[in-house]
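A.B. asks: The structure that follows is given in the form of structure tokens.
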Amino acid sequence: MSKHDKLNKILFTIMSILIIVTAILVIAMIIPEITSNHSKDTPPMISNERIQELKEQNLYQEKIDFDYVSALDTTGQFYLLPVKQVLLDKPSMLPDYDELIDQEIILDEGITKSIISYGYQDTHNNLVILDMKSNTQDIIFKSRICIVEYRSFSWKNSPYLLISACNHDDNKDGQMDNKDLKYLYLYDVKNKELTTIIDSPFLGSEFRYSGIKDDNIFITISNDIDGNFKYDASTDQKQIYKFNIQTRKLESIVDTKLLNDLQSILNGTML
């Protein structure tokens with residue numbers, strides 16, 4: 001190979017490396033931008049204590065916001081409108097609600113009409129059901145609350161919502177969010193009924209809908225026994241419940257005997 005060919009080969013290698021490095025840098029700049037445009041979480045809600053302080057000064061610092069509309073049934077009658085909030089940079093004077101500009105709610109023509117159970121984790125301050133048949137808008141929660149997760153499902157051809165939410169700043173960090181203790185609710189969309197499934201506060205939960213032919217939802221609850229607002233397997237314990245949609249009855253599926261028997265086996269004792 002001549003010196004000229006060797007030089008060309010070296011130059012080609014250098015150019016190839018530069019192109020690859022440039023491509024990597026461009027991708028590294030693009031990905032965060034894409035992520036920031038599509039993964040902007042809603043800010044935590046201000047604590048009720050802070051809200052009361054602002055009200056006494058005729059001020060507010062959270063503003064209602066909307067994100068999207070989702071179909072809840074196959075007929076296109078019921079739609080879900082999650083209500084978010086925007087945190088203002090600084091408190092402002094409370095507005096005259098009669099003078100607020102109405103926000104037009106536009107249904108996306110591309111919304112799927114198929115009823116598929118889905119869930120959403122983010123901070124919302126309420127949920128609104130849009131009934132296209134009766135042209136009504138129903139607010140699910142009538143008092144201030146922080147919704148950290150909800151799931152929709154269909155049972156006997158009727159839409160329902162499972163909602164996990166908190167209503168106090170339990171860990172005293174000035175915010176209401178997923179780090180606070182939560183309660184679990186079931187909302188019957190057609191009958192406009194809100195049922196408290198679990199009224200004792202818990203850290204976190206997992207939902208498992210057992211199927212269209214069954215009436216049960218299986219719920220795993222993480223309890224905060226040591227009171228540090230973090231799940232610690234050595235001190236805290238999960239509880240598993242069965243909630244019957246028909247009877248609205250909640251039952252624990254792990255009784256004391258079953259728990260003790262399992263622990264005995266784990267400890268090396270034969271039953």
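Chain labels run A, B, ... following the order of the structure tokens; each chain numbers its residues from 1, and ligands are numbered from 1 in the order shown.
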If we count only C-alpha atoms and set the cut-off at 12 Å, which residues sit around Val148 (chain A), ignoring sequence neighbours fewer than 5 positions away in its own chain? Please answer as a PDB file with C-alpha atoms, in the first residue's frame.

C.D. replies:
ATOM      1  CA  ASP A  41     -45.407  15.615  34.958  1.00  0.00           C
ATOM      2  CA  THR A  42     -47.970  17.768  36.672  1.00  0.00           C
ATOM      3  CA  PRO A  43     -46.485  19.579  39.696  1.00  0.00           C
ATOM      4  CA  PRO A  44     -47.531  18.383  43.174  1.00  0.00           C
ATOM      5  CA  MET A  45     -50.491  20.123  44.766  1.00  0.00           C
ATOM      6  CA  PRO A  82     -58.771  14.658  34.052  1.00  0.00           C
ATOM      7  CA  VAL A  83     -58.258  18.025  35.724  1.00  0.00           C
ATOM      8  CA  LYS A  84     -54.662  19.138  36.306  1.00  0.00           C
ATOM      9  CA  GLY A 119     -54.348   3.487  34.035  1.00  0.00           C
ATOM     10  CA  TYR A 120     -52.680   6.825  34.504  1.00  0.00           C
ATOM     11  CA  GLN A 121     -50.185   7.973  37.125  1.00  0.00           C
ATOM     12  CA  ASP A 122     -49.798  11.711  37.604  1.00  0.00           C
ATOM     13  CA  THR A 123     -51.071  14.431  39.911  1.00  0.00           C
ATOM     14  CA  HIS A 124     -54.639  15.551  39.199  1.00  0.00           C
ATOM     15  CA  ASN A 125     -56.942  17.613  41.392  1.00  0.00           C
ATOM     16  CA  ASN A 126     -60.200  16.185  40.042  1.00  0.00           C
ATOM     17  CA  LEU A 127     -61.890  14.092  37.362  1.00  0.00           C
ATOM     18  CA  LEU A 162     -60.585   3.002  40.452  1.00  0.00           C
ATOM     19  CA  ILE A 163     -59.010   6.067  42.051  1.00  0.00           C
ATOM     20  CA  SER A 164     -56.109   6.385  44.489  1.00  0.00           C
ATOM     21  CA  ALA A 165     -55.934   9.814  46.122  1.00  0.00           C
ATOM     22  CA  CYS A 166     -54.695  11.721  49.177  1.00  0.00           C
ATOM     23  CA  ASN A 167     -56.309  14.664  50.957  1.00  0.00           C
ATOM     24  CA  MET A 176     -49.828  16.747  48.438  1.00  0.00           C
ATOM     25  CA  ASP A 177     -48.472  14.040  46.147  1.00  0.00           C
ATOM     26  CA  ASN A 178     -47.734  10.331  45.828  1.00  0.00           C
ATOM     27  CA  LYS A 179     -45.507  10.462  48.930  1.00  0.00           C
ATOM     28  CA  ASP A 180     -48.490  11.116  51.223  1.00  0.00           C
ATOM     29  CA  LEU A 181     -50.901   8.491  52.571  1.00  0.00           C
ATOM     30  CA  LYS A 182     -53.715   7.588  50.200  1.00  0.00           C
ATOM     31  CA  TYR A 183     -57.302   6.320  50.111  1.00  0.00           C
ATOM     32  CA  LEU A 184     -58.981   4.133  47.496  1.00  0.00           C
ATOM     33  CA  TYR A 185     -62.261   4.905  45.726  1.00  0.00           C
ATOM     34  CA  LEU A 203     -48.660   4.094  51.233  1.00  0.00           C
ATOM     35  CA  GLY A 204     -49.338   2.549  47.844  1.00  0.00           C
ATOM     36  CA  SER A 205     -51.583   0.106  46.029  1.00  0.00           C
TER      37      SER A 205
END

A.B. asks: Just asking: which residues within region 187-267 of chain A are strand (DSSP E) according to DSSP, as a PDB file with N, CA and C atoms, in the first residue's frame?

C.D. replies:
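Now in part-v8.pdb:
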ATOM      1  N   TYR A 187     -65.609   4.619  41.373  1.00  0.00           N
ATOM      2  CA  TYR A 187     -66.638   5.512  40.844  1.00  0.00           C
ATOM      3  C   TYR A 187     -67.433   4.790  39.766  1.00  0.00           C
ATOM      4  N   ASP A 188     -68.745   4.722  39.977  1.00  0.00           N
ATOM      5  CA  ASP A 188     -69.680   4.145  39.011  1.00  0.00           C
ATOM      6  C   ASP A 188     -70.118   5.274  38.080  1.00  0.00           C
ATOM      7  N   GLU A 193     -71.989   7.257  41.257  1.00  0.00           N
ATOM      8  CA  GLU A 193     -71.818   6.880  42.652  1.00  0.00           C
ATOM      9  C   GLU A 193     -70.332   6.739  42.987  1.00  0.00           C
ATOM     10  N   LEU A 194     -69.911   7.432  44.033  1.00  0.00           N
ATOM     11  CA  LEU A 194     -68.533   7.337  44.504  1.00  0.00           C
ATOM     12  C   LEU A 194     -68.514   6.531  45.798  1.00  0.00           C
ATOM     13  N   THR A 195     -67.760   5.428  45.797  1.00  0.00           N
ATOM     14  CA  THR A 195     -67.667   4.544  46.954  1.00  0.00           C
ATOM     15  C   THR A 195     -66.239   4.535  47.482  1.00  0.00           C
ATOM     16  N   THR A 196     -66.089   4.712  48.782  1.00  0.00           N
ATOM     17  CA  THR A 196     -64.775   4.596  49.397  1.00  0.00           C
ATOM     18  C   THR A 196     -64.503   3.120  49.653  1.00  0.00           C
ATOM     19  N   ILE A 197     -63.511   2.568  48.937  1.00  0.00           N
ATOM     20  CA  ILE A 197     -63.204   1.143  49.089  1.00  0.00           C
ATOM     21  C   ILE A 197     -62.399   0.909  50.354  1.00  0.00           C
ATOM     22  N   ILE A 198     -61.331   1.666  50.518  1.00  0.00           N
ATOM     23  CA  ILE A 198     -60.473   1.543  51.701  1.00  0.00           C
ATOM     24  C   ILE A 198     -60.349   2.925  52.334  1.00  0.00           C
ATOM     25  N   ASP A 199     -60.908   3.070  53.554  1.00  0.00           N
ATOM     26  CA  ASP A 199     -60.922   4.389  54.197  1.00  0.00           C
ATOM     27  C   ASP A 199     -59.819   4.558  55.234  1.00  0.00           C
ATOM     28  N   SER A 200     -58.917   3.564  55.344  1.00  0.00           N
ATOM     29  CA  SER A 200     -57.750   3.734  56.208  1.00  0.00           C
ATOM     30  C   SER A 200     -56.551   4.045  55.314  1.00  0.00           C
ATOM     31  N   PRO A 201     -55.743   5.042  55.660  1.00  0.00           N
ATOM     32  CA  PRO A 201     -54.673   5.495  54.765  1.00  0.00           C
ATOM     33  C   PRO A 201     -53.589   4.445  54.565  1.00  0.00           C
ATOM     34  N   PHE A 202     -53.026   4.427  53.363  1.00  0.00           N
ATOM     35  CA  PHE A 202     -51.972   3.485  53.022  1.00  0.00           C
ATOM     36  C   PHE A 202     -50.918   4.184  52.177  1.00  0.00           C
ATOM     37  N   GLY A 204     -49.177   2.781  49.274  1.00  0.00           N
ATOM     38  CA  GLY A 204     -49.338   2.549  47.844  1.00  0.00           C
ATOM     39  C   GLY A 204     -50.250   1.371  47.600  1.00  0.00           C
ATOM     40  N   SER A 205     -50.664   1.189  46.354  1.00  0.00           N
ATOM     41  CA  SER A 205     -51.583   0.106  46.029  1.00  0.00           C
ATOM     42  C   SER A 205     -51.346  -0.392  44.618  1.00  0.00           C
ATOM     43  N   GLU A 206     -51.772  -1.623  44.378  1.00  0.00           N
ATOM     44  CA  GLU A 206     -51.749  -2.220  43.051  1.00  0.00           C
ATOM     45  C   GLU A 206     -53.124  -2.805  42.778  1.00  0.00           C
ATOM     46  N   PHE A 207     -53.649  -2.570  41.567  1.00  0.00           N
ATOM     47  CA  PHE A 207     -54.976  -3.059  41.218  1.00  0.00           C
ATOM     48  C   PHE A 207     -54.855  -4.218  40.229  1.00  0.00           C
ATOM     49  N   ARG A 208     -55.656  -5.236  40.426  1.00  0.00           N
ATOM     50  CA  ARG A 208     -55.714  -6.354  39.489  1.00  0.00           C
ATOM     51  C   ARG A 208     -57.166  -6.714  39.269  1.00  0.00           C
ATOM     52  N   TYR A 209     -57.724  -6.302  38.128  1.00  0.00           N
ATOM     53  CA  TYR A 209     -59.103  -6.648  37.808  1.00  0.00           C
ATOM     54  C   TYR A 209     -59.120  -8.092  37.342  1.00  0.00           C
ATOM     55  N   ASN A 216     -64.923  -9.444  40.969  1.00  0.00           N
ATOM     56  CA  ASN A 216     -63.920  -9.063  41.959  1.00  0.00           C
ATOM     57  C   ASN A 216     -62.756  -8.264  41.375  1.00  0.00           C
ATOM     58  N   ILE A 217     -62.260  -7.362  42.209  1.00  0.00           N
ATOM     59  CA  ILE A 217     -61.012  -6.654  41.937  1.00  0.00           C
ATOM     60  C   ILE A 217     -60.062  -7.025  43.068  1.00  0.00           C
ATOM     61  N   PHE A 218     -58.857  -7.444  42.732  1.00  0.00           N
ATOM     62  CA  PHE A 218     -57.871  -7.768  43.751  1.00  0.00           C
ATOM     63  C   PHE A 218     -56.960  -6.558  43.966  1.00  0.00           C
ATOM     64  N   ILE A 219     -56.797  -6.187  45.225  1.00  0.00           N
ATOM     65  CA  ILE A 219     -56.068  -4.969  45.573  1.00  0.00           C
ATOM     66  C   ILE A 219     -54.969  -5.293  46.582  1.00  0.00           C
ATOM     67  N   THR A 220     -53.752  -4.896  46.271  1.00  0.00           N
ATOM     68  CA  THR A 220     -52.633  -5.053  47.192  1.00  0.00           C
ATOM     69  C   THR A 220     -52.292  -3.699  47.796  1.00  0.00           C
ATOM     70  N   ILE A 221     -52.309  -3.625  49.120  1.00  0.00           N
ATOM     71  CA  ILE A 221     -52.075  -2.371  49.822  1.00  0.00           C
ATOM     72  C   ILE A 221     -50.759  -2.431  50.583  1.00  0.00           C
ATOM     73  N   SER A 222     -49.944  -1.387  50.459  1.00  0.00           N
ATOM     74  CA  SER A 222     -48.698  -1.272  51.223  1.00  0.00           C
ATOM     75  C   SER A 222     -48.942  -0.336  52.408  1.00  0.00           C
ATOM     76  N   LYS A 238     -47.589  -5.780  53.370  1.00  0.00           N
ATOM     77  CA  LYS A 238     -48.631  -5.604  52.369  1.00  0.00           C
ATOM     78  C   LYS A 238     -49.856  -6.430  52.750  1.00  0.00           C
ATOM     79  N   GLN A 239     -51.012  -5.905  52.427  1.00  0.00           N
ATOM     80  CA  GLN A 239     -52.263  -6.617  52.638  1.00  0.00           C
ATOM     81  C   GLN A 239     -52.964  -6.794  51.295  1.00  0.00           C
ATOM     82  N   ILE A 240     -53.580  -7.957  51.103  1.00  0.00           N
ATOM     83  CA  ILE A 240     -54.260  -8.247  49.840  1.00  0.00           C
ATOM     84  C   ILE A 240     -55.755  -8.392  50.103  1.00  0.00           C
ATOM     85  N   TYR A 241     -56.554  -7.625  49.353  1.00  0.00           N
ATOM     86  CA  TYR A 241     -57.997  -7.624  49.522  1.00  0.00           C
ATOM     87  C   TYR A 241     -58.697  -8.061  48.234  1.00  0.00           C
ATOM     88  N   LYS A 242     -59.926  -8.503  48.415  1.00  0.00           N
ATOM     89  CA  LYS A 242     -60.825  -8.789  47.290  1.00  0.00           C
ATOM     90  C   LYS A 242     -62.035  -7.875  47.436  1.00  0.00           C
ATOM     91  N   PHE A 243     -62.253  -7.038  46.435  1.00  0.00           N
ATOM     92  CA  PHE A 243     -63.385  -6.119  46.461  1.00  0.00           C
ATOM     93  C   PHE A 243     -64.426  -6.576  45.451  1.00  0.00           C
ATOM     94  N   ASN A 244     -65.640  -6.829  45.930  1.00  0.00           N
ATOM     95  CA  ASN A 244     -66.727  -7.285  45.067  1.00  0.00           C
ATOM     96  C   ASN A 244     -67.485  -6.078  44.527  1.00  0.00           C
ATOM     97  N   LYS A 249     -68.431  -5.016  48.737  1.00  0.00           N
ATOM     98  CA  LYS A 249     -67.864  -5.561  49.966  1.00  0.00           C
ATOM     99  C   LYS A 249     -66.382  -5.831  49.807  1.00  0.00           C
ATOM    100  N   LEU A 250     -65.602  -5.448  50.827  1.00  0.00           N
ATOM    101  CA  LEU A 250     -64.162  -5.642  50.814  1.00  0.00           C
ATOM    102  C   LEU A 250     -63.783  -6.741  51.797  1.00  0.00           C
ATOM    103  N   GLU A 251     -62.993  -7.712  51.336  1.00  0.00           N
ATOM    104  CA  GLU A 251     -62.575  -8.819  52.189  1.00  0.00           C
ATOM    105  C   GLU A 251     -61.080  -9.045  52.048  1.00  0.00           C
ATOM    106  N   SER A 252     -60.439  -9.347  53.174  1.00  0.00           N
ATOM    107  CA  SER A 252     -59.027  -9.723  53.126  1.00  0.00           C
ATOM    108  C   SER A 252     -58.938 -11.184  52.717  1.00  0.00           C
TER     109      SER A 252
END

A.B. asks: In terms of the shortest atom-to-atom distance over only C-alpha atoms, which of A:Phe141, A:Phe229, A:Tyr60, A:Tyr150 is closest to Leu88 (chain A)?

C.D. replies: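 Among the listed residues, the smallest separation from Leu88 (chain A) belongs to A:Tyr60.
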
A.B. asks: What's the 12 Å shell around Leu271 (chain A), counting only C-alpha atoms, without same-chain residues fewer than 2 positions away, as a CSV table (one decimal) with C-alpha atoms, in the first residue's frame?

C.D. replies:
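selection.csv, written as the output of this step:
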chain,number,residue,atom,x,y,z
A,257,LYS,CA,-54.0,-18.5,60.1
A,258,LEU,CA,-52.8,-18.5,56.5
A,260,ASN,CA,-48.9,-17.9,60.3
A,261,ASP,CA,-48.9,-21.2,58.4
A,262,LEU,CA,-46.9,-19.7,55.5
A,263,GLN,CA,-44.4,-18.1,58.0
A,264,SER,CA,-44.0,-21.4,59.7
A,265,ILE,CA,-43.2,-23.2,56.5
A,266,LEU,CA,-40.7,-20.4,55.6
A,267,ASN,CA,-39.1,-20.8,59.0
A,268,GLY,CA,-38.5,-24.5,58.3
A,269,THR,CA,-41.5,-26.0,60.3

A.B. asks: So which bits of region 44-202 of chain A end up helix (DSSP H, G or I) when you DSSP the backbone, as number ranges by chain?

C.D. replies: A: 48-56, 97-99
